[in-house]
>>> print(open('my_file14.txt').read())   # compact mmCIF, C-alpha atoms
# COMPACT_ATOMS: atom_id res chain seq x y z
CA ALA A 1187 36.20 18.44 112.59
CA GLN A 1188 37.32 14.86 112.99
CA SER A 1189 35.74 11.56 114.00
CA VAL A 1190 36.68 7.92 114.48
CA THR A 1191 34.66 4.78 113.90
CA GLN A 1192 35.79 1.48 115.33
CA LEU A 1193 34.04 -1.46 113.72
CA GLY A 1194 33.20 -4.18 116.23
CA SER A 1195 32.82 -3.38 119.91
CA HIS A 1196 33.98 -6.90 120.78
CA VAL A 1197 36.53 -9.10 118.99
CA SER A 1198 37.43 -12.62 120.12
CA VAL A 1199 40.44 -14.53 118.83
CA SER A 1200 42.27 -17.67 119.82
CA GLU A 1201 45.72 -17.48 121.30
CA GLY A 1202 48.23 -17.47 118.43
CA ALA A 1203 45.72 -16.20 115.88
CA LEU A 1204 45.88 -12.96 113.93
CA VAL A 1205 44.49 -9.87 115.63
CA LEU A 1206 42.76 -7.30 113.42
CA LEU A 1207 41.04 -4.29 114.97
CA ARG A 1208 39.39 -1.90 112.53
CA CYS A 1209 39.46 1.89 112.61
CA ASN A 1210 38.15 4.40 110.09
CA TYR A 1211 38.60 8.11 110.54
CA SER A 1212 37.31 11.38 109.20
CA SER A 1213 39.42 14.51 109.26
CA SER A 1214 39.34 17.81 107.40
CA VAL A 1215 43.11 18.16 107.70
CA PRO A 1216 45.97 15.63 107.40
CA PRO A 1217 45.43 13.42 110.44
CA TYR A 1218 47.66 12.27 113.22
CA LEU A 1219 46.40 8.80 114.17
CA PHE A 1220 46.89 6.82 117.35
CA TRP A 1221 46.10 3.47 118.92
CA TYR A 1222 45.84 3.23 122.70
CA VAL A 1223 45.32 0.21 124.95
CA GLN A 1224 43.49 0.27 128.28
CA TYR A 1225 43.78 -2.54 130.81
CA PRO A 1226 41.16 -2.85 133.57
CA ASN A 1227 41.35 -0.09 136.18
CA GLN A 1228 44.19 1.62 134.35
CA GLY A 1229 44.68 4.65 132.16
CA LEU A 1230 45.50 4.64 128.47
CA GLN A 1231 48.85 3.50 127.12
CA LEU A 1232 50.07 4.52 123.67
CA LEU A 1233 50.64 1.54 121.36
CA LEU A 1234 51.66 3.43 118.24
CA LYS A 1235 51.09 6.61 116.27
CA TYR A 1236 51.14 7.85 112.70
CA THR A 1237 52.11 11.43 111.98
CA THR A 1238 53.78 11.67 108.57
CA GLY A 1239 56.10 9.52 106.49
CA ALA A 1240 56.01 5.73 106.40
CA THR A 1241 52.45 4.46 106.31
CA LEU A 1242 53.22 1.19 108.12
CA VAL A 1243 53.80 1.99 111.76
CA LYS A 1244 55.25 -0.44 114.27
CA GLY A 1245 54.40 -0.16 117.94
CA ILE A 1246 54.97 -1.87 121.23
CA ASN A 1247 54.10 -5.48 122.07
CA GLY A 1248 54.29 -6.59 118.41
CA PHE A 1249 51.41 -4.42 117.18
CA GLU A 1250 51.47 -2.49 113.93
CA ALA A 1251 49.03 -0.38 111.91
CA GLU A 1252 48.87 0.81 108.35
CA PHE A 1253 47.63 4.26 107.34
CA LYS A 1254 45.58 4.05 104.13
CA LYS A 1255 44.52 7.51 103.03
CA SER A 1256 42.38 6.27 100.14
CA GLU A 1257 40.36 4.11 102.53
CA THR A 1258 40.56 6.56 105.48
CA SER A 1259 41.58 3.59 107.59
CA PHE A 1260 44.16 2.85 110.28
CA HIS A 1261 43.61 -0.80 111.22
CA LEU A 1262 45.62 -2.39 114.03
CA THR A 1263 47.14 -5.84 113.58
CA LYS A 1264 49.25 -8.36 115.44
CA PRO A 1265 50.33 -11.63 113.80
CA SER A 1266 49.92 -13.82 116.88
CA ALA A 1267 47.65 -13.02 119.83
CA HIS A 1268 48.81 -13.57 123.39
CA MET A 1269 46.62 -13.91 126.45
CA SER A 1270 48.11 -10.69 127.81
CA ASP A 1271 46.70 -8.77 124.81
CA ALA A 1272 43.18 -9.01 126.24
CA ALA A 1273 42.18 -5.39 126.86
CA GLU A 1274 40.21 -2.44 125.44
CA TYR A 1275 41.72 -0.77 122.39
CA PHE A 1276 40.99 2.78 121.27
CA CYS A 1277 41.75 4.45 117.98
CA ALA A 1278 42.13 8.22 118.08
CA VAL A 1279 42.70 11.08 115.67
CA ARG A 1280 44.17 14.54 116.14
CA GLY A 1281 43.44 16.57 113.06
CA ASP A 1282 43.43 20.13 114.32
CA THR A 1283 46.87 20.84 115.67
CA GLY A 1284 45.70 24.14 117.08
CA ARG A 1285 43.21 22.39 119.32
CA ARG A 1286 45.64 19.64 120.33
CA ALA A 1287 42.81 17.36 121.46
CA LEU A 1288 42.35 13.70 120.65
CA THR A 1289 39.04 12.39 119.32
CA PHE A 1290 38.62 8.75 120.35
CA GLY A 1291 36.54 5.95 118.93
CA SER A 1292 34.20 4.01 121.17
CA GLY A 1293 36.69 1.20 121.65
CA THR A 1294 37.04 -2.49 120.83
CA ARG A 1295 37.28 -5.07 123.59
CA LEU A 1296 39.68 -7.84 122.59
CA GLN A 1297 39.19 -11.27 124.14
CA VAL A 1298 41.87 -13.93 123.69
CA GLN A 1299 40.71 -17.52 124.10
CA PRO A 1300 43.18 -20.20 125.20
CA GLU B 299 53.96 3.71 135.48
CA THR B 300 53.49 7.01 133.65
CA GLY B 301 54.38 9.38 136.47
CA VAL B 302 50.91 10.96 136.27
CA THR B 303 48.97 10.53 139.49
CA GLN B 304 45.30 11.28 140.06
CA SER B 305 43.37 11.58 143.28
CA PRO B 306 41.10 10.32 144.57
CA THR B 307 40.81 7.01 142.74
CA HIS B 308 37.12 6.66 143.54
CA LEU B 309 34.50 9.17 144.61
CA ILE B 310 30.77 9.05 145.31
CA LYS B 311 28.70 12.23 145.23
CA THR B 312 25.02 13.09 145.11
CA ARG B 313 23.26 15.10 142.45
CA GLY B 314 23.72 18.86 142.84
CA GLN B 315 26.98 18.61 144.75
CA GLN B 316 30.36 19.92 143.63
CA VAL B 317 33.53 17.89 143.14
CA THR B 318 37.25 18.57 142.69
CA LEU B 319 39.56 16.07 141.05
CA ARG B 320 43.32 16.42 141.16
CA CYS B 321 46.15 15.51 138.84
CA SER B 322 49.90 15.60 139.34
CA SER B 323 51.75 15.82 136.03
CA GLN B 324 54.84 13.91 135.05
CA SER B 325 57.98 15.83 135.92
CA GLY B 326 58.84 18.45 133.31
CA HIS B 327 55.48 18.36 131.54
CA ASN B 328 53.84 21.76 131.04
CA THR B 329 50.56 20.67 129.43
CA VAL B 330 47.67 18.83 131.01
CA SER B 331 44.49 17.55 129.38
CA TRP B 332 41.33 16.18 130.97
CA TYR B 333 39.06 13.57 129.43
CA GLN B 334 35.73 12.07 130.49
CA GLN B 335 35.18 8.37 129.78
CA ALA B 336 31.62 7.19 130.27
CA LEU B 337 30.99 3.49 130.71
CA GLY B 338 31.46 1.61 127.43
CA GLN B 339 32.65 4.66 125.52
CA GLY B 340 35.88 6.25 124.45
CA PRO B 341 37.33 9.23 126.30
CA GLN B 342 35.94 12.66 125.42
CA PHE B 343 38.09 15.79 125.56
CA ILE B 344 37.05 18.25 128.26
CA PHE B 345 39.82 20.86 128.14
CA GLN B 346 43.55 21.41 128.09
CA TYR B 347 45.85 23.73 130.02
CA TYR B 348 49.25 24.96 128.87
CA ARG B 349 51.37 26.99 131.28
CA GLU B 350 48.37 27.78 133.49
CA GLU B 351 46.13 29.00 130.64
CA GLU B 352 43.18 27.13 129.13
CA ASN B 353 44.31 26.12 125.66
CA GLY B 354 41.30 24.38 124.15
CA ARG B 355 37.91 23.11 125.29
CA GLY B 356 35.55 20.36 124.18
CA ASN B 357 31.74 20.35 124.22
CA PHE B 358 31.30 20.54 127.96
CA PRO B 359 29.19 23.13 129.83
CA PRO B 360 30.76 25.90 131.94
CA ARG B 361 30.07 23.98 135.16
CA PHE B 362 33.16 21.98 134.16
CA SER B 363 36.12 24.18 135.01
CA GLY B 364 39.79 23.72 135.66
CA LEU B 365 43.00 25.14 136.99
CA GLN B 366 46.67 24.55 136.36
CA PHE B 367 49.16 25.57 139.03
CA PRO B 368 52.73 26.90 138.67
CA ASN B 369 54.08 23.39 139.32
CA TYR B 370 51.84 22.24 136.41
CA SER B 371 49.57 20.10 138.59
CA SER B 372 45.91 20.54 137.79
CA GLU B 373 42.38 20.41 139.11
CA LEU B 374 39.09 19.62 137.44
CA ASN B 375 36.03 21.09 139.13
CA VAL B 376 32.47 20.09 138.37
CA ASN B 377 29.57 22.06 139.85
CA ALA B 378 25.91 21.06 140.14
CA LEU B 379 26.63 17.39 139.51
CA GLU B 380 24.22 15.46 137.32
CA LEU B 381 23.70 11.70 137.10
CA ASP B 382 25.27 11.70 133.61
CA ASP B 383 28.51 13.05 135.07
CA SER B 384 29.19 9.55 136.40
CA ALA B 385 32.31 8.46 134.52
CA LEU B 386 36.03 7.80 134.68
CA TYR B 387 37.93 11.10 134.52
CA LEU B 388 41.37 10.84 132.97
CA CYS B 389 44.18 13.31 133.19
CA ALA B 390 47.04 13.29 130.69
CA SER B 391 50.22 15.31 130.80
CA SER B 392 52.63 16.11 128.00
CA LEU B 393 55.32 18.46 126.87
CA LYS B 394 53.30 20.76 124.58
CA ASN B 395 52.22 18.61 121.59
CA GLU B 396 54.29 15.59 122.40
CA LYS B 397 53.16 12.14 123.58
CA LEU B 398 50.35 12.08 126.16
CA PHE B 399 50.93 10.20 129.41
CA PHE B 400 47.66 9.20 131.08
CA GLY B 401 46.95 8.69 134.74
CA SER B 402 44.82 5.80 135.98
CA GLY B 403 41.81 8.04 136.42
CA THR B 404 39.24 8.97 139.03
CA GLN B 405 36.01 6.97 138.99
CA LEU B 406 33.16 9.36 139.87
CA SER B 407 29.73 8.02 140.76
CA VAL B 408 26.84 10.47 141.08
CA LEU B 409 23.79 9.15 142.93
>>> encode(input="my_file14.txt", output="structure tokens")
Amino acid sequence: AQSVTQLGSHVSVSEGALVLLRCNYSSSVPPYLFWYVQYPNQGLQLLLKYTTGATLVKGINGFEAEFKKSETSFHLTKPSAHMSDAAEYFCAVRGDTGRRALTFGSGTRLQVQP
Amino acid sequence: ETGVTQSPTHLIKTRGQQVTLRCSSQSGHNTVSWYQQALGQGPQFIFQYYREEENGRGNFPPRFSGLQFPNYSSELNVNALELDDSALYLCASSLKNEKLFFGSGTQLSVL
């Protein structure tokens, strides 16, 4: 079984500041990890994913995440926030490849202040 | 635009009724997954279909059922609606285990 915990349901940053969204996971098998973004009244868009290999993963829109097995974490970062980054962000894990389902965290709403 | 379309976009039903939600997959995708997203929560996996067969199911009761058609479009059916079924229902298509492409969802309100 797998689970995801996103610390902080709401995060507010100033435009140009560092964005850090936290995600911790639990998985009984080597995990595949994902970050998705959801804009109002839209579906989910994949930002980045970790499967195997390099632990620092770069995604779209300047986001990146680092897989840390020892900390069971997969935090999402962006060096400089932009107003357009305001959205809901979801971390997800797929640990059982036979089931092929994603288990999502409860989400973090990112606000970007001018 | 992901190429995944869902209909209708909004729906209002009363408790006890039945509802059918539809999803048109992205061209060439043979796998479709359905997720339920309650207000303020992350999506929860309902089930997945691969080449017209159910290929995995989450913790949802049997009154949640689905179909996948030969053109890989899909339906989600919910019988005996309950108030807690009010949610955004998301469909995602993919090529087997590859990247999921999500539709914009159907917002279901049960009164």
>>> interface_residues(input="my_file14.txt", of="chain B", to="chain A", cutoff="7 Å", atoms="only C-alpha atoms", output="compact mmCIF listing (two decimals) with C-alpha atoms, in the frame of the given file")
# COMPACT_ATOMS: atom_id res chain seq x y z
CA GLN B 339 32.65 4.66 125.52
CA GLY B 340 35.88 6.25 124.45
CA PRO B 341 37.33 9.23 126.30
CA GLN B 342 35.94 12.66 125.42
CA PHE B 343 38.09 15.79 125.56
CA GLY B 354 41.30 24.38 124.15
CA ASN B 395 52.22 18.61 121.59
CA PHE B 400 47.66 9.20 131.08
CA GLY B 401 46.95 8.69 134.74
CA SER B 402 44.82 5.80 135.98
CA GLY B 403 41.81 8.04 136.42
>>> closest_residue(input="my_file14.txt", among="A:Ala1251, A:Leu1262, A:Met1269, A:Ala1187", to="Arg1208 of chain A", atoms="only C-alpha atoms")
A:Leu1262
>>> residues_around(input="my_file14.txt", residues="segment 305-312 of chain B", least_positions_apart="2", cutoff="8 Å", atoms="only C-alpha atoms", output="list of chain:residue names")
B:Thr303, B:Gly314, B:Gln315, B:Val317, B:Leu319, B:Arg320, B:Cys321, B:Leu379, B:Ser402, B:Gly403, B:Thr404, B:Gln405, B:Leu406, B:Ser407, B:Val408, B:Leu409
>>> residues_around(input="my_file14.txt", residues="segment 322-327 of chain B", least_positions_apart="4", cutoff="6 Å", atoms="all atoms listed in the file", output="VMD selection string")
chain B and resid 301 to 303 371 391 to 393
>>> residues_around(input="my_file14.txt", residues="Phe345 of chain B", least_positions_apart="6", cutoff="6 Å", atoms="only C-alpha atoms", output="number ranges by chain")
B: 331-332, 354-356
>>> closest_residue(input="my_file14.txt", among="A:Ser1212, A:Leu1206, A:Ser1259, A:Lys1244", to="Ser1189 of chain A", atoms="all atoms listed in the file")
A:Ser1212
>>> atom_distance(input="my_file14.txt", atom1="atom CA of Glu1252 of chain A", atom2="atom CA of Val1215 of chain A")
18.3 Å
>>> residues_around(input="my_file14.txt", residues="segment 1236-1240 of chain A", least_positions_apart="4", cutoff="10 Å", atoms="all atoms listed in the file", output="PDB file with C-alpha atoms, in the frame of the given file")
ATOM      1  CA  PRO A1216      45.970  15.630 107.400  1.00  0.00           C
ATOM      2  CA  PRO A1217      45.430  13.420 110.440  1.00  0.00           C
ATOM      3  CA  TYR A1218      47.660  12.270 113.220  1.00  0.00           C
ATOM      4  CA  LEU A1219      46.400   8.800 114.170  1.00  0.00           C
ATOM      5  CA  PHE A1220      46.890   6.820 117.350  1.00  0.00           C
ATOM      6  CA  TRP A1221      46.100   3.470 118.920  1.00  0.00           C
ATOM      7  CA  LYS A1244      55.250  -0.440 114.270  1.00  0.00           C
ATOM      8  CA  ALA A1251      49.030  -0.380 111.910  1.00  0.00           C
ATOM      9  CA  GLU A1252      48.870   0.810 108.350  1.00  0.00           C
ATOM     10  CA  PHE A1253      47.630   4.260 107.340  1.00  0.00           C
ATOM     11  CA  PHE A1260      44.160   2.850 110.280  1.00  0.00           C
ATOM     12  CA  VAL A1279      42.700  11.080 115.670  1.00  0.00           C
ATOM     13  CA  ARG A1280      44.170  14.540 116.140  1.00  0.00           C
TER      14      ARG A1280
END
>>> closest_residue(input="my_file14.txt", among="B:Gly338, B:Tyr333, B:Lys394, B:Ala378", to="Asn353 of chain B", atoms="all atoms listed in the file")
B:Lys394
>>> atom_distance(input="my_file14.txt", atom1="atom CA of Asn375 of chain B", atom2="atom CA of Arg349 of chain B")
18.2 Å
>>> atom_distance(input="my_file14.txt", atom1="atom CA of Leu1207 of chain A", atom2="atom CA of Pro1300 of chain A")
19.0 Å
>>> closest_residue(input="my_file14.txt", among="B:Ser384, B:Gln346, B:Ser363, B:Gln304", to="Thr329 of chain B", atoms="only C-alpha atoms")
B:Gln346
>>> closest_residue(input="my_file14.txt", among="B:Tyr347, B:Leu374, B:Gln334, B:Gly364", to="Leu388 of chain B", atoms="only C-alpha atoms")
B:Gln334
>>> decode(input="my_file14.txt", residues="segment 1263-1281 of chain A", atoms="N, CA, C and O atoms", output="PDB file, in the first residue's frame")
ATOM      1  N   THR A1263      10.135  22.410  -5.782  1.00  0.00           N
ATOM      2  CA  THR A1263      10.696  23.745  -5.627  1.00  0.00           C
ATOM      3  C   THR A1263      10.692  24.500  -6.951  1.00  0.00           C
ATOM      4  O   THR A1263      10.669  23.907  -8.025  1.00  0.00           O
ATOM      5  N   LYS A1264      10.718  25.831  -6.801  1.00  0.00           N
ATOM      6  CA  LYS A1264      10.910  26.726  -7.939  1.00  0.00           C
ATOM      7  C   LYS A1264      11.637  27.954  -7.395  1.00  0.00           C
ATOM      8  O   LYS A1264      11.231  28.503  -6.389  1.00  0.00           O
ATOM      9  N   PRO A1265      12.740  28.338  -8.023  1.00  0.00           N
ATOM     10  CA  PRO A1265      13.571  29.411  -7.454  1.00  0.00           C
ATOM     11  C   PRO A1265      12.838  30.754  -7.326  1.00  0.00           C
ATOM     12  O   PRO A1265      13.058  31.489  -6.370  1.00  0.00           O
ATOM     13  N   SER A1266      11.977  31.061  -8.291  1.00  0.00           N
ATOM     14  CA  SER A1266      11.367  32.383  -8.319  1.00  0.00           C
ATOM     15  C   SER A1266       9.898  32.264  -8.723  1.00  0.00           C
ATOM     16  O   SER A1266       9.592  31.895  -9.860  1.00  0.00           O
ATOM     17  N   ALA A1267       9.002  32.574  -7.795  1.00  0.00           N
ATOM     18  CA  ALA A1267       7.568  32.418  -8.053  1.00  0.00           C
ATOM     19  C   ALA A1267       7.058  33.484  -9.017  1.00  0.00           C
ATOM     20  O   ALA A1267       7.493  34.647  -8.981  1.00  0.00           O
ATOM     21  N   HIS A1268       6.102  33.066  -9.840  1.00  0.00           N
ATOM     22  CA  HIS A1268       5.440  33.971 -10.768  1.00  0.00           C
ATOM     23  C   HIS A1268       3.959  33.947 -10.452  1.00  0.00           C
ATOM     24  O   HIS A1268       3.432  32.953  -9.957  1.00  0.00           O
ATOM     25  N   MET A1269       3.294  35.052 -10.733  1.00  0.00           N
ATOM     26  CA  MET A1269       1.858  35.136 -10.440  1.00  0.00           C
ATOM     27  C   MET A1269       1.085  33.979 -11.070  1.00  0.00           C
ATOM     28  O   MET A1269       0.131  33.462 -10.480  1.00  0.00           O
ATOM     29  N   SER A1270       1.521  33.542 -12.236  1.00  0.00           N
ATOM     30  CA  SER A1270       0.820  32.461 -12.936  1.00  0.00           C
ATOM     31  C   SER A1270       0.987  31.103 -12.260  1.00  0.00           C
ATOM     32  O   SER A1270       0.346  30.125 -12.665  1.00  0.00           O
ATOM     33  N   ASP A1271       1.860  31.018 -11.249  1.00  0.00           N
ATOM     34  CA  ASP A1271       2.044  29.743 -10.525  1.00  0.00           C
ATOM     35  C   ASP A1271       0.948  29.492  -9.498  1.00  0.00           C
ATOM     36  O   ASP A1271       0.867  28.392  -8.934  1.00  0.00           O
ATOM     37  N   ALA A1272       0.118  30.484  -9.241  1.00  0.00           N
ATOM     38  CA  ALA A1272      -0.960  30.312  -8.260  1.00  0.00           C
ATOM     39  C   ALA A1272      -1.915  29.225  -8.748  1.00  0.00           C
ATOM     40  O   ALA A1272      -2.497  29.325  -9.833  1.00  0.00           O
ATOM     41  N   ALA A1273      -2.038  28.169  -7.958  1.00  0.00           N
ATOM     42  CA  ALA A1273      -2.836  27.000  -8.346  1.00  0.00           C
ATOM     43  C   ALA A1273      -2.817  26.000  -7.192  1.00  0.00           C
ATOM     44  O   ALA A1273      -2.227  26.251  -6.143  1.00  0.00           O
ATOM     45  N   GLU A1274      -3.461  24.847  -7.419  1.00  0.00           N
ATOM     46  CA  GLU A1274      -3.427  23.740  -6.454  1.00  0.00           C
ATOM     47  C   GLU A1274      -2.419  22.729  -6.969  1.00  0.00           C
ATOM     48  O   GLU A1274      -2.403  22.392  -8.154  1.00  0.00           O
ATOM     49  N   TYR A1275      -1.567  22.245  -6.058  1.00  0.00           N
ATOM     50  CA  TYR A1275      -0.530  21.298  -6.438  1.00  0.00           C
ATOM     51  C   TYR A1275      -0.732  19.982  -5.683  1.00  0.00           C
ATOM     52  O   TYR A1275      -0.960  19.964  -4.473  1.00  0.00           O
ATOM     53  N   PHE A1276      -0.633  18.894  -6.427  1.00  0.00           N
ATOM     54  CA  PHE A1276      -0.836  17.562  -5.852  1.00  0.00           C
ATOM     55  C   PHE A1276       0.389  16.697  -6.074  1.00  0.00           C
ATOM     56  O   PHE A1276       0.890  16.588  -7.193  1.00  0.00           O
ATOM     57  N   CYS A1277       0.821  16.058  -5.005  1.00  0.00           N
ATOM     58  CA  CYS A1277       1.857  15.039  -5.077  1.00  0.00           C
ATOM     59  C   CYS A1277       1.177  13.680  -5.163  1.00  0.00           C
ATOM     60  O   CYS A1277       0.102  13.481  -4.550  1.00  0.00           O
ATOM     61  N   ALA A1278       1.743  12.772  -5.926  1.00  0.00           N
ATOM     62  CA  ALA A1278       1.114  11.457  -6.088  1.00  0.00           C
ATOM     63  C   ALA A1278       2.182  10.383  -6.162  1.00  0.00           C
ATOM     64  O   ALA A1278       3.310  10.631  -6.584  1.00  0.00           O
ATOM     65  N   VAL A1279       1.806   9.179  -5.774  1.00  0.00           N
ATOM     66  CA  VAL A1279       2.712   8.039  -5.808  1.00  0.00           C
ATOM     67  C   VAL A1279       2.041   6.882  -6.511  1.00  0.00           C
ATOM     68  O   VAL A1279       0.831   6.677  -6.394  1.00  0.00           O
ATOM     69  N   ARG A1280       2.802   6.142  -7.271  1.00  0.00           N
ATOM     70  CA  ARG A1280       2.327   4.891  -7.871  1.00  0.00           C
ATOM     71  C   ARG A1280       3.342   3.838  -7.487  1.00  0.00           C
ATOM     72  O   ARG A1280       4.427   3.788  -8.033  1.00  0.00           O
ATOM     73  N   GLY A1281       2.982   3.011  -6.511  1.00  0.00           N
ATOM     74  CA  GLY A1281       3.955   2.050  -6.018  1.00  0.00           C
ATOM     75  C   GLY A1281       3.710   0.650  -6.496  1.00  0.00           C
ATOM     76  O   GLY A1281       4.613  -0.160  -6.571  1.00  0.00           O
TER      77      GLY A1281
END
